[in-house]
$ cat coords_13.cif   # mmCIF, C-alpha atoms
data_target
#
loop_
_atom_site.group_PDB
_atom_site.id
_atom_site.type_symbol
_atom_site.label_atom_id
_atom_site.label_comp_id
_atom_site.auth_asym_id
_atom_site.auth_seq_id
_atom_site.Cartn_x
_atom_site.Cartn_y
_atom_site.Cartn_z
ATOM 1 C CA MET A 1 54.539 48.678 -9.935
ATOM 2 C CA ASP A 2 53.068 49.879 -13.217
ATOM 3 C CA LYS A 3 50.433 47.859 -15.057
ATOM 4 C CA ASN A 4 52.765 46.612 -17.801
ATOM 5 C CA LYS A 5 55.171 45.141 -15.263
ATOM 6 C CA GLU A 6 52.246 43.662 -13.314
ATOM 7 C CA ILE A 7 51.100 41.849 -16.474
ATOM 8 C CA THR A 8 54.616 40.557 -17.202
ATOM 9 C CA TYR A 9 55.212 39.306 -13.670
ATOM 10 C CA SER A 10 51.655 37.946 -13.423
ATOM 11 C CA ASN A 11 52.405 35.743 -16.421
ATOM 12 C CA LEU A 12 55.609 34.625 -14.668
ATOM 13 C CA VAL A 13 53.591 33.754 -11.549
ATOM 14 C CA GLN A 14 51.258 31.504 -13.522
ATOM 15 C CA PHE A 15 54.227 29.930 -15.355
ATOM 16 C CA LEU A 16 56.056 29.145 -12.105
ATOM 17 C CA GLY A 17 52.859 27.828 -10.563
ATOM 18 C CA LYS A 18 52.483 25.333 -13.407
ATOM 19 C CA VAL A 19 56.171 24.351 -13.497
ATOM 20 C CA LEU A 20 56.662 23.954 -9.747
ATOM 21 C CA GLY A 21 53.348 22.207 -9.191
ATOM 22 C CA PRO A 22 50.491 22.363 -6.687
ATOM 23 C CA ASN A 23 52.707 22.235 -3.591
ATOM 24 C CA TYR A 24 54.148 25.662 -4.399
ATOM 25 C CA GLU A 25 52.165 28.864 -3.999
ATOM 26 C CA VAL A 26 53.578 31.730 -6.059
ATOM 27 C CA VAL A 27 52.577 35.277 -5.137
ATOM 28 C CA LEU A 28 53.261 38.652 -6.745
ATOM 29 C CA HIS A 29 52.987 41.628 -4.411
ATOM 30 C CA SER A 30 52.663 45.006 -6.115
ATOM 31 C CA ILE A 31 54.243 47.539 -3.757
ATOM 32 C CA SER A 32 54.010 51.315 -3.673
ATOM 33 C CA LEU A 33 56.536 52.838 -1.268
ATOM 34 C CA ASP A 34 54.796 56.207 -1.486
ATOM 35 C CA ASN A 35 51.484 54.752 -0.423
ATOM 36 C CA LEU A 36 51.237 51.233 1.004
ATOM 37 C CA TYR A 37 47.447 51.602 0.768
ATOM 38 C CA ASN A 38 47.910 50.762 -2.913
ATOM 39 C CA SER A 39 50.067 47.696 -2.211
ATOM 40 C CA HIS A 40 48.342 44.372 -2.774
ATOM 41 C CA ILE A 41 48.562 40.874 -4.198
ATOM 42 C CA ALA A 42 48.606 41.408 -7.958
ATOM 43 C CA ALA A 43 48.727 37.735 -8.949
ATOM 44 C CA ILE A 44 48.718 34.367 -7.221
ATOM 45 C CA ALA A 45 49.035 30.745 -8.345
ATOM 46 C CA ASN A 46 48.064 27.656 -6.334
ATOM 47 C CA ASN A 47 46.299 29.810 -3.770
ATOM 48 C CA HIS A 48 44.690 26.720 -2.200
ATOM 49 C CA ILE A 49 47.772 26.680 0.050
ATOM 50 C CA SER A 50 47.020 29.956 1.880
ATOM 51 C CA GLY A 51 43.489 30.720 0.696
ATOM 52 C CA ARG A 52 44.458 34.247 -0.317
ATOM 53 C CA THR A 53 43.192 35.974 -3.457
ATOM 54 C CA LYS A 54 44.126 38.906 -5.688
ATOM 55 C CA ASN A 55 44.007 42.321 -4.002
ATOM 56 C CA ALA A 56 44.573 40.817 -0.530
ATOM 57 C CA PRO A 57 46.841 42.948 1.716
ATOM 58 C CA LEU A 58 50.548 42.425 2.280
ATOM 59 C CA THR A 59 51.493 40.112 5.120
ATOM 60 C CA GLY A 60 52.848 41.565 8.349
ATOM 61 C CA MET A 61 56.331 40.297 7.506
ATOM 62 C CA VAL A 62 56.379 41.874 4.026
ATOM 63 C CA ILE A 63 55.246 45.161 5.584
ATOM 64 C CA GLU A 64 58.081 44.892 8.091
ATOM 65 C CA MET A 65 60.598 44.103 5.333
ATOM 66 C CA VAL A 66 59.458 47.220 3.469
ATOM 67 C CA LYS A 67 59.581 49.409 6.558
ATOM 68 C CA ASN A 68 63.048 48.149 7.542
ATOM 69 C CA LYS A 69 64.258 48.517 3.933
ATOM 70 C CA GLU A 70 65.590 44.953 3.827
ATOM 71 C CA TYR A 71 65.603 45.233 0.034
ATOM 72 C CA LEU A 72 68.435 47.770 0.098
ATOM 73 C CA ASN A 73 70.919 45.237 1.481
ATOM 74 C CA LYS A 74 69.801 42.089 -0.326
ATOM 75 C CA ASP A 75 68.002 40.939 -3.442
ATOM 76 C CA PHE A 76 66.137 38.040 -1.856
ATOM 77 C CA ILE A 77 65.461 36.188 1.390
ATOM 78 C CA THR A 78 64.987 32.430 1.473
ATOM 79 C CA ASN A 79 63.824 29.622 3.728
ATOM 80 C CA TYR A 80 61.878 31.349 6.474
ATOM 81 C CA LYS A 81 58.849 29.836 8.155
ATOM 82 C CA GLY A 82 55.307 30.699 7.168
ATOM 83 C CA ILE A 83 51.982 29.749 8.764
ATOM 84 C CA THR A 84 48.725 29.493 6.817
ATOM 85 C CA LYS A 85 45.325 30.365 8.237
ATOM 86 C CA ASP A 86 44.648 26.678 8.913
ATOM 87 C CA LYS A 87 47.926 26.468 10.904
ATOM 88 C CA LYS A 88 49.873 24.612 8.235
ATOM 89 C CA GLU A 89 53.643 25.254 8.282
ATOM 90 C CA ILE A 90 55.277 26.168 4.993
ATOM 91 C CA ARG A 91 58.720 27.272 3.824
ATOM 92 C CA SER A 92 58.785 30.749 2.283
ATOM 93 C CA SER A 93 61.180 32.763 0.119
ATOM 94 C CA THR A 94 60.904 36.302 -1.232
ATOM 95 C CA PHE A 95 62.600 37.953 -4.211
ATOM 96 C CA PHE A 96 62.602 41.762 -4.194
ATOM 97 C CA ILE A 97 61.622 43.401 -7.477
ATOM 98 C CA LYS A 98 63.447 46.710 -7.716
ATOM 99 C CA GLU A 99 63.886 49.603 -10.099
ATOM 100 C CA LYS A 100 67.318 50.928 -9.216
ATOM 101 C CA ASP A 101 67.071 51.004 -5.400
ATOM 102 C CA GLU A 102 63.321 51.498 -5.240
ATOM 103 C CA LEU A 103 61.167 48.520 -4.325
ATOM 104 C CA VAL A 104 58.203 48.060 -6.663
ATOM 105 C CA GLY A 105 57.196 44.492 -5.899
ATOM 106 C CA ALA A 106 58.007 41.169 -4.317
ATOM 107 C CA LEU A 107 57.796 37.677 -5.774
ATOM 108 C CA CYS A 108 57.143 35.104 -3.049
ATOM 109 C CA ILE A 109 57.269 31.317 -3.290
ATOM 110 C CA ASN A 110 55.709 29.294 -0.483
ATOM 111 C CA PHE A 111 56.428 25.562 -0.370
ATOM 112 C CA ASP A 112 53.874 23.345 1.361
ATOM 113 C CA SER A 113 55.864 20.329 2.546
ATOM 114 C CA SER A 114 53.081 18.877 4.698
ATOM 115 C CA ARG A 115 52.335 16.060 2.237
ATOM 116 C CA TYR A 116 55.969 14.945 2.206
ATOM 117 C CA SER A 117 56.248 15.272 5.990
ATOM 118 C CA GLU A 118 53.263 12.969 6.422
ATOM 119 C CA ILE A 119 54.673 10.418 3.977
ATOM 120 C CA SER A 120 58.135 10.474 5.582
ATOM 121 C CA LYS A 121 56.591 10.135 9.041
ATOM 122 C CA GLU A 122 54.643 7.060 7.931
ATOM 123 C CA ILE A 123 57.780 5.514 6.403
ATOM 124 C CA LEU A 124 59.816 6.187 9.546
ATOM 125 C CA GLU A 125 57.077 4.711 11.706
ATOM 126 C CA LEU A 126 57.010 1.592 9.540
ATOM 127 C CA ALA A 127 60.786 1.294 9.941
ATOM 128 C CA GLN A 128 60.463 2.073 13.653
ATOM 129 C CA ILE A 129 62.870 4.975 13.304
ATOM 130 C CA PHE A 130 62.211 8.034 15.428
ATOM 131 C CA ILE A 131 63.593 11.510 14.905
ATOM 132 C CA ASN A 132 63.467 14.705 16.889
ATOM 133 C CA PRO A 133 60.371 16.553 15.563
ATOM 134 C CA THR A 134 61.986 19.888 16.356
ATOM 135 C CA ASP A 135 65.010 19.182 14.177
ATOM 136 C CA ASN A 136 65.107 21.361 11.086
ATOM 137 C CA SER A 137 67.889 20.871 8.563
ATOM 138 C CA VAL A 138 66.730 23.751 6.367
ATOM 139 C CA LYS A 139 68.078 26.991 7.750
ATOM 140 C CA PRO A 140 67.185 30.521 6.628
ATOM 141 C CA ASP A 141 69.975 32.426 4.878
ATOM 142 C CA ASN A 142 69.258 35.579 6.863
ATOM 143 C CA ASN A 143 68.393 36.858 10.342
ATOM 144 C CA LEU A 144 64.688 35.935 10.066
ATOM 145 C CA ASP A 145 65.100 32.576 11.806
ATOM 146 C CA GLN A 146 63.005 33.801 14.761
ATOM 147 C CA SER A 147 60.356 35.377 12.539
ATOM 148 C CA ILE A 148 57.252 33.716 11.157
ATOM 149 C CA GLU A 149 55.184 34.965 8.241
ATOM 150 C CA TYR A 150 51.428 34.550 8.633
ATOM 151 C CA LEU A 151 49.792 34.226 5.236
ATOM 152 C CA SER A 152 46.517 36.073 5.644
ATOM 153 C CA GLU A 153 43.634 37.135 3.464
ATOM 154 C CA SER A 154 42.237 39.951 5.617
ATOM 155 C CA LEU A 155 43.544 42.995 7.453
ATOM 156 C CA GLU A 156 42.245 41.494 10.699
ATOM 157 C CA ASP A 157 44.356 38.372 10.149
ATOM 158 C CA VAL A 158 47.428 40.549 9.568
ATOM 159 C CA ILE A 159 46.764 42.372 12.862
ATOM 160 C CA TYR A 160 46.239 39.068 14.684
ATOM 161 C CA SER A 161 49.589 37.832 13.369
ATOM 162 C CA ILE A 162 51.195 40.581 15.465
ATOM 163 C CA ILE A 163 48.889 40.891 18.483
ATOM 164 C CA ASP A 164 47.560 37.933 20.524
ATOM 165 C CA PRO A 165 43.897 37.587 19.438
ATOM 166 C CA SER A 166 42.851 36.653 22.981
ATOM 167 C CA LEU A 167 43.705 40.181 24.134
ATOM 168 C CA LEU A 168 41.357 41.701 21.590
ATOM 169 C CA GLU A 169 38.544 39.154 21.424
ATOM 170 C CA ASN A 170 37.961 38.489 25.127
ATOM 171 C CA GLU A 171 35.428 41.048 26.352
ATOM 172 C CA ASP A 172 36.158 40.041 29.949
ATOM 173 C CA ILE A 173 39.641 41.538 29.642
ATOM 174 C CA THR A 174 39.708 45.282 30.307
ATOM 175 C CA LEU A 175 42.729 46.896 28.717
ATOM 176 C CA SER A 176 44.192 49.987 30.341
ATOM 177 C CA GLN A 177 44.990 53.012 28.182
ATOM 178 C CA ASN A 178 48.707 52.262 28.504
ATOM 179 C CA HIS A 179 48.087 48.711 27.345
ATOM 180 C CA LYS A 180 46.130 49.990 24.333
ATOM 181 C CA ILE A 181 48.906 52.449 23.528
ATOM 182 C CA ASN A 182 51.439 49.596 23.692
ATOM 183 C CA ILE A 183 49.332 47.565 21.262
ATOM 184 C CA VAL A 184 49.107 50.524 18.876
ATOM 185 C CA ARG A 185 52.869 51.050 19.311
ATOM 186 C CA GLU A 186 53.582 47.451 18.290
ATOM 187 C CA LEU A 187 51.284 47.713 15.271
ATOM 188 C CA GLU A 188 52.831 51.038 14.263
ATOM 189 C CA LEU A 189 56.320 49.523 14.584
ATOM 190 C CA LYS A 190 55.324 46.787 12.134
ATOM 191 C CA GLY A 191 53.878 49.337 9.683
ATOM 192 C CA ILE A 192 50.249 48.195 9.983
ATOM 193 C CA PHE A 193 48.879 51.745 9.887
ATOM 194 C CA GLN A 194 50.226 52.162 6.380
ATOM 195 C CA LEU A 195 47.513 49.759 5.212
ATOM 196 C CA LYS A 196 44.103 50.977 4.107
ATOM 197 C CA GLY A 197 41.435 50.665 6.773
ATOM 198 C CA ALA A 198 43.884 49.921 9.600
ATOM 199 C CA VAL A 199 42.808 52.745 11.930
ATOM 200 C CA PRO A 200 39.056 51.953 11.979
ATOM 201 C CA ARG A 201 39.737 48.203 12.285
ATOM 202 C CA VAL A 202 42.179 48.678 15.175
ATOM 203 C CA ALA A 203 39.725 51.060 16.842
ATOM 204 C CA GLU A 204 37.026 48.414 16.583
ATOM 205 C CA LEU A 205 39.279 45.674 17.971
ATOM 206 C CA LEU A 206 40.414 47.869 20.883
ATOM 207 C CA ARG A 207 36.816 49.039 21.436
ATOM 208 C CA VAL A 208 37.801 52.702 21.247
ATOM 209 C CA SER A 209 36.999 55.540 18.848
ATOM 210 C CA GLU A 210 39.060 56.279 15.754
ATOM 211 C CA PRO A 211 40.139 59.667 17.234
ATOM 212 C CA SER A 212 41.512 57.710 20.216
ATOM 213 C CA VAL A 213 43.717 55.625 17.916
ATOM 214 C CA TYR A 214 44.968 58.799 16.208
ATOM 215 C CA ARG A 215 45.651 60.267 19.661
ATOM 216 C CA TYR A 216 47.682 57.181 20.624
ATOM 217 C CA LEU A 217 49.665 57.517 17.399
ATOM 218 C CA LYS A 218 50.437 61.159 18.212
ATOM 219 C CA ILE A 219 51.648 60.121 21.664
ATOM 220 C CA ILE A 220 53.919 57.503 20.092
ATOM 221 C CA GLU A 221 55.251 60.007 17.541
ATOM 222 C CA ARG A 222 55.948 62.533 20.326
ATOM 223 C CA GLU A 223 57.822 59.870 22.319
ATOM 224 C CA LYS A 224 59.984 59.116 19.275
ATOM 225 C CA LYS A 225 60.915 62.786 18.854
ATOM 226 C CA GLU A 226 61.729 63.145 22.552
ATOM 227 C CA ALA A 227 63.984 60.096 22.377
ATOM 228 C CA LEU A 228 66.134 61.642 19.645
#
$ encode --input "coords_13.cif" --output "structure tokens"
Amino acid sequence: MDKNKEITYSNLVQFLGKVLGPNYEVVLHSISLDNLYNSHIAAIANNHISGRTKNAPLTGMVIEMVKNKEYLNKDFITNYKGITKDKKEIRSSTFFIKEKDELVGALCINFDSSRYSEISKEILELAQIFINPTDNSVKPDNNLDQSIEYLSESLEDVIYSIIDPSLLENEDITLSQNHKINIVRELELKGIFQLKGAVPRVAELLRVSEPSVYRYLKIIEREKKEAL
């Protein structure tokens, strides 16, 4: 997204943040399809909800949407679940900003309903009415009902939203080479390696060298070609 459009949409982000109020986080992602390294949060309002700031990376789900070219078949996706770093559930929606059929950005609105959930729970308890806590009347308008977006500030958080942190943080667990390749395969499938700094960070988390990660990626690429 060029700078002029970033300024225009950044103003829209701040406007929506004021109009919708503090329970809505509004985020503008500037996206470069040619180089996801340059993709980032260009503007954010009410960032107390997720704790993210300008220039933070795309979330794992946005990366996956870009890689799967969801934007070619639809203009927006609404009502999918998001999780903040402090484990708070929110309701998320994304509008794709396109020039012709090329994606240049995404405008995301994340609704934090926790305050209302707490109030309604207290009212129901006072009335001695009990409901199924797993019931959810708000349904996504797409096939993302099994997907969760983790709103993260750092690249490490994005990786951890895809791979179980216990596998990477527990030094008592010795991962085989095949297991490490499978982890790299999952991260590659989600498009993580299109983000700046992904290879050295993954190498560090897997406790291998950067050339090893590149070697795993070559193995995965060779497997893809052989499967064709």
$ resolve_selection --input "coords_13.cif" --expression "the PyMOL selection byres ((chain A and resi 8-19) around 7)" --output "list in words"
Asn4, Lys5, Glu6, Ile7, Leu20, Gly21, Tyr24, Glu25, Val26, Val27, Leu28, Ala43, Ile44, Ala45 and Asn46 of chain A
$ closest_residue --input "coords_13.cif" --among "A:Leu189, A:Leu168, A:Leu155, A:Leu33" --to "Leu103 of chain A" --atoms "all atoms listed in the file"
A:Leu33
$ closest_residue --input "coords_13.cif" --among "A:Pro165, A:Pro200, A:Pro22, A:Gly60" --to "Asn110 of chain A" --atoms "all atoms listed in the file"
A:Pro22
$ resolve_selection --input "coords_13.cif" --expression "the PyMOL selection byres ((chain A and resi 106) around 9)" --output "list in words"
Val27, Leu28, His29, Ser30, Ile31, Val62, Thr94, Phe95, Phe96, Ile97, Lys98, Leu103, Val104, Gly105, Leu107 and Cys108 of chain A
$ axis_aligned_box --input "coords_13.cif" --around "segment 182-187 of chain A" --padding-each-side "5 Å" --output "lines of an AutoDock Vina configuration file"
center_x = 51.3
center_y = 49.3
center_z = 19.5
size_x = 14.5
size_y = 13.6
size_z = 18.4
$ residues_around --input "coords_13.cif" --residues "Glu221 of chain A" --least-positions-apart "6" --cutoff "12 Å" --atoms "all atoms listed in the file" --output "list in words"
Ile181, Val184, Arg185, Glu188, Leu189, Tyr214, Arg215, Ala227 and Leu228 of chain A
$ residues_around --input "coords_13.cif" --residues "Leu195 of chain A" --least-positions-apart "6" --cutoff "8 Å" --atoms "all atoms listed in the file" --output "MDAnalysis selection string"
chainID A and resid 36:37 57
$ atom_distance --input "coords_13.cif" --atom1 "atom CA of Ser161 of chain A" --atom2 "atom CA of Lys224 of chain A"
24.4 Å
$ closest_residue --input "coords_13.cif" --among "A:Thr53, A:Asn38, A:Thr59, A:Asn23" --to "Ile192 of chain A" --atoms "only C-alpha atoms"
A:Thr59
$ atom_distance --input "coords_13.cif" --atom1 "atom CA of Asn182 of chain A" --atom2 "atom CA of Lys81 of chain A"
26.2 Å
$ closest_residue --input "coords_13.cif" --among "A:Ser92, A:Ala42, A:Val202, A:Asp101" --to "Lys74 of chain A" --atoms "all atoms listed in the file"
A:Asp101
$ atom_distance --input "coords_13.cif" --atom1 "atom CA of Glu223 of chain A" --atom2 "atom CA of Glu186 of chain A"
13.7 Å
$ closest_residue --input "coords_13.cif" --among "A:Lys88, A:His179, A:Lys225, A:Lys67" --to "Arg115 of chain A" --atoms "only C-alpha atoms"
A:Lys88
$ residues_near_point --input "coords_13.cif" --point "(42.8, 29.7, 0.6)" --cutoff "12 Å" --atoms "all atoms listed in the file" --output "list in words"
Glu25, Ile44, Ala45, Asn46, Asn47, His48, Ile49, Ser50, Gly51, Arg52, Thr53, Lys54, Ala56, Thr84, Lys85, Asp86, Lys87, Lys88, Leu151, Ser152, Glu153 and Ser154 of chain A
